[in-house]
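Let me begin by presenting the structure, written as structure tokens, before commenting on it.
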Amino acid sequence: MGESSFSGQRVLITDASSGIGAGLAERFAREGAIVGICARREDRLREVLDRCRAHSPESRMWVCDLAVADEVDRLAEAAVAEMGGVDVLVNNAGVPKRRDVSLLDPETVDALTTINYLSPVRLTLRLLSHMLERDSGKIVNVSSVAAVLSSPGEAAYDASKAALSVFSEGMAVDLWDTGVNVLTVYPGVVDTELFDIPGNDPLSPEIERISVTELVDGVMDALGRGVIEVYIPEWFKGVAARKANDVELFLAGTAGWVRGQKTVGGADGQA
Ligand SMILES: NC(=O)c1ccc[n+]([C@@H]2O[C@H](COP(=O)([O-])OP(=O)(O)OC[C@H]3O[C@@H](n4cnc5c(N)ncnc54)[C@H](OP(=O)(O)O)[C@@H]3O)[C@@H](O)[C@H]2O)c1
């Protein structure tokens, strides 16, 4: 096997104590990258770091809460100081909020927007100048198909991810003629702990989940091809195109589908 294009690259991945972030960290480490990871749960983060270090001993971790702006700034400073720079930034930070809009409060929306949108943008802007100085770098933003499909019961989450996607696309345009590339990732439903986080309605109905490995394979393939966006699984791109083609028809269909679920499953929609 030839040397990976990520060998020796310094890769910073946010929210890597579980799920997609942990999977990406281990894959990059296996490909010879020096991985920097962060999250709040130190014990879980250390387990991921140990697995990364088995392949890439210089990998490191920082315990931080990305809901706090100062901690985002400190993370950027630490990554530059301790890794000597960041070649690939993976903004994987994100929390769910499955709650009907009639039950949402502004504070919940603020908190969600901070983690899902403001924090990745802040971290990106703190690191972008370093990448531009070298005229080299990759920024990977983990959005969601929710950003483009108006998934029911997730208005606040949908909007936070849409904001990240739109920022990501605008950034790709501004950086078009530089050596810094941007990739927006649109995962479908991935089998992670995201669906067990308290304070969220159950996912209803259950949609087929893909594995973290399948998602990671898709991200690495997209990076290899140098594309600016990727839907994983790819069929979601067709669904997004159908919505773009006729928004009213699509939203009416979604509302009818939700109504049907409630009729089948009772008042809360659960079978
Ligand atoms: N799973 C899916 O179906 C799916 C679909 C589309 C998009 N996504 C996106 O994929 C990304 C990863 O999600 P996942 O499915 O892998 O979820 P996950 O397994 O729940 O992982 C979420 C990670 O976020 C960390 N985290 C949460 N709040 C944080 C905070 N304030 N500061 C620092 N770290 C924080 C968690 O670690 P600590 O608790 O240790 O901090 C954990 O490592 C998210 O952006 C999510 O929106 C997921």
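Naming scheme: A, B, ... for chains in displayed order of the structure tokens; residues 1 onward per chain; ligands 1 onward as shown.
When the distance limit is 7 Å and only C-alpha atoms are what count, the residues near Leu127 of chain A, minus those fewer than 4 positions from it on the same chain, are Ala76, Leu123 and Met131 of chain A.
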Please produce a file of those selected residues containing N, CA, C and O atoms, as a PDB file, in the first residue's frame.
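Writing done, so here's selection_29.pdb:
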```pdb
ATOM      1  N   ALA A  76      -7.967  26.719  19.421  1.00  0.00           N
ATOM      2  CA  ALA A  76      -7.251  27.113  18.195  1.00  0.00           C
ATOM      3  C   ALA A  76      -5.787  27.440  18.530  1.00  0.00           C
ATOM      4  O   ALA A  76      -4.865  26.988  17.825  1.00  0.00           O
ATOM      5  N   LEU A 123     -14.018  28.798  15.211  1.00  0.00           N
ATOM      6  CA  LEU A 123     -12.785  28.014  15.139  1.00  0.00           C
ATOM      7  C   LEU A 123     -12.146  28.146  13.750  1.00  0.00           C
ATOM      8  O   LEU A 123     -10.919  28.306  13.618  1.00  0.00           O
ATOM      9  N   MET A 131      -3.770  28.978   7.640  1.00  0.00           N
ATOM     10  CA  MET A 131      -3.841  28.195   6.395  1.00  0.00           C
ATOM     11  C   MET A 131      -3.520  29.089   5.189  1.00  0.00           C
ATOM     12  O   MET A 131      -2.806  28.676   4.273  1.00  0.00           O
TER      13      MET A 131
END
```
- Could I get the residue neighbourhood of ligand 1 at 7 Å, counting only C-alpha atoms and all ligand atoms, as number ranges by chain? A: 14-21, 38-42, 44-45, 64-67, 92-96, 115-116, 142-145, 186-194
- Task: Rank nothing, just name the residue among A:Leu75, A:Val185, A:Met171, A:Ile228 nearest to Ala146 of chain A, using only C-alpha atoms.
- Result: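 The answer is A:Val185, which sits nearest to Ala146 of chain A.
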Against segment 245-249 of chain A, which residues of segment 123-152 of chain A fall within 12 Å? For each one I want the closest pair of atoms and the distance in Å (one decimal), counting only C-alpha atoms, rows by chain and increasing residue number, as CSV.
```
residue,atom,partner,partner_atom,distance
A:Val148,CA,A:Val247,CA,10.7
A:Leu149,CA,A:Val247,CA,9.6
A:Ser150,CA,A:Val247,CA,10.0
```
- All helix (DSSP H, G or I) positions in segment 126-161 of chain A, as number ranges by chain: A: 126-134, 146-149, 155-161
- So which residues of segment 20-269 of chain A fall under strand (DSSP E) by DSSP, listed as a ChimeraX atom specification? /A:34-39,60-63,88-91,137-142,180-187,229-232
Once you have the residues from the selection above, write them out as a PDB file, in the first residue's frame, restricted to C-alpha atoms.
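Result went into out_20.pdb, see below:
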```
ATOM      1  CA  ILE A  34      -1.156  13.571  13.509  1.00  0.00           C
ATOM      2  CA  VAL A  35      -4.586  13.926  15.025  1.00  0.00           C
ATOM      3  CA  GLY A  36      -5.791  16.533  17.528  1.00  0.00           C
ATOM      4  CA  ILE A  37      -9.171  15.847  19.112  1.00  0.00           C
ATOM      5  CA  CYS A  38     -11.440  17.632  21.563  1.00  0.00           C
ATOM      6  CA  ALA A  39     -14.698  17.124  23.485  1.00  0.00           C
ATOM      7  CA  ARG A  60      -3.100  14.717  21.218  1.00  0.00           C
ATOM      8  CA  MET A  61      -6.313  15.827  22.894  1.00  0.00           C
ATOM      9  CA  TRP A  62      -7.831  18.849  24.584  1.00  0.00           C
ATOM     10  CA  VAL A  63     -10.822  18.766  26.913  1.00  0.00           C
ATOM     11  CA  VAL A  88      -7.074  19.759   7.988  1.00  0.00           C
ATOM     12  CA  LEU A  89      -9.814  21.162  10.223  1.00  0.00           C
ATOM     13  CA  VAL A  90     -12.870  18.952  10.683  1.00  0.00           C
ATOM     14  CA  ASN A  91     -15.742  20.920  12.207  1.00  0.00           C
ATOM     15  CA  GLY A 137      -5.387  23.574   3.989  1.00  0.00           C
ATOM     16  CA  LYS A 138      -8.683  21.724   4.055  1.00  0.00           C
ATOM     17  CA  ILE A 139     -11.776  22.670   6.016  1.00  0.00           C
ATOM     18  CA  VAL A 140     -14.401  19.949   6.419  1.00  0.00           C
ATOM     19  CA  ASN A 141     -17.767  21.042   7.789  1.00  0.00           C
ATOM     20  CA  VAL A 142     -20.052  18.265   9.004  1.00  0.00           C
ATOM     21  CA  VAL A 180      -7.470  26.214   1.029  1.00  0.00           C
ATOM     22  CA  ASN A 181     -10.297  23.845   0.055  1.00  0.00           C
ATOM     23  CA  VAL A 182     -13.699  23.464   1.686  1.00  0.00           C
ATOM     24  CA  LEU A 183     -15.818  20.311   1.877  1.00  0.00           C
ATOM     25  CA  THR A 184     -19.399  20.284   3.195  1.00  0.00           C
ATOM     26  CA  VAL A 185     -20.578  16.864   4.378  1.00  0.00           C
ATOM     27  CA  TYR A 186     -24.283  15.982   4.427  1.00  0.00           C
ATOM     28  CA  PRO A 187     -24.717  12.814   6.517  1.00  0.00           C
ATOM     29  CA  GLU A 229     -19.902  18.657  -1.072  1.00  0.00           C
ATOM     30  CA  VAL A 230     -20.902  15.074  -0.414  1.00  0.00           C
ATOM     31  CA  TYR A 231     -24.172  13.405   0.597  1.00  0.00           C
ATOM     32  CA  ILE A 232     -23.735  10.130   2.499  1.00  0.00           C
TER      33      ILE A 232
END
```
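Separating atom CA of Asp196 of chain A from atom CA of Trp235 of chain A is a distance of 25.5 Å.
For the pair atom CA of Ala163 of chain A and atom CA of Phe250 of chain A, the separation is 20.6 Å.
The shortest atom-to-atom distance to Asp217 of chain A, with only C-alpha atoms taken into account, belongs to A:Pro233 out of A:Pro202, A:Gly256, A:Gly179, A:Pro233.
Of the listed residues A:Ser102, A:Ala241, A:Ala29, A:Pro152, the one whose atoms come nearest to Asp50 of chain A is A:Ala29, with distances taken using only C-alpha atoms.
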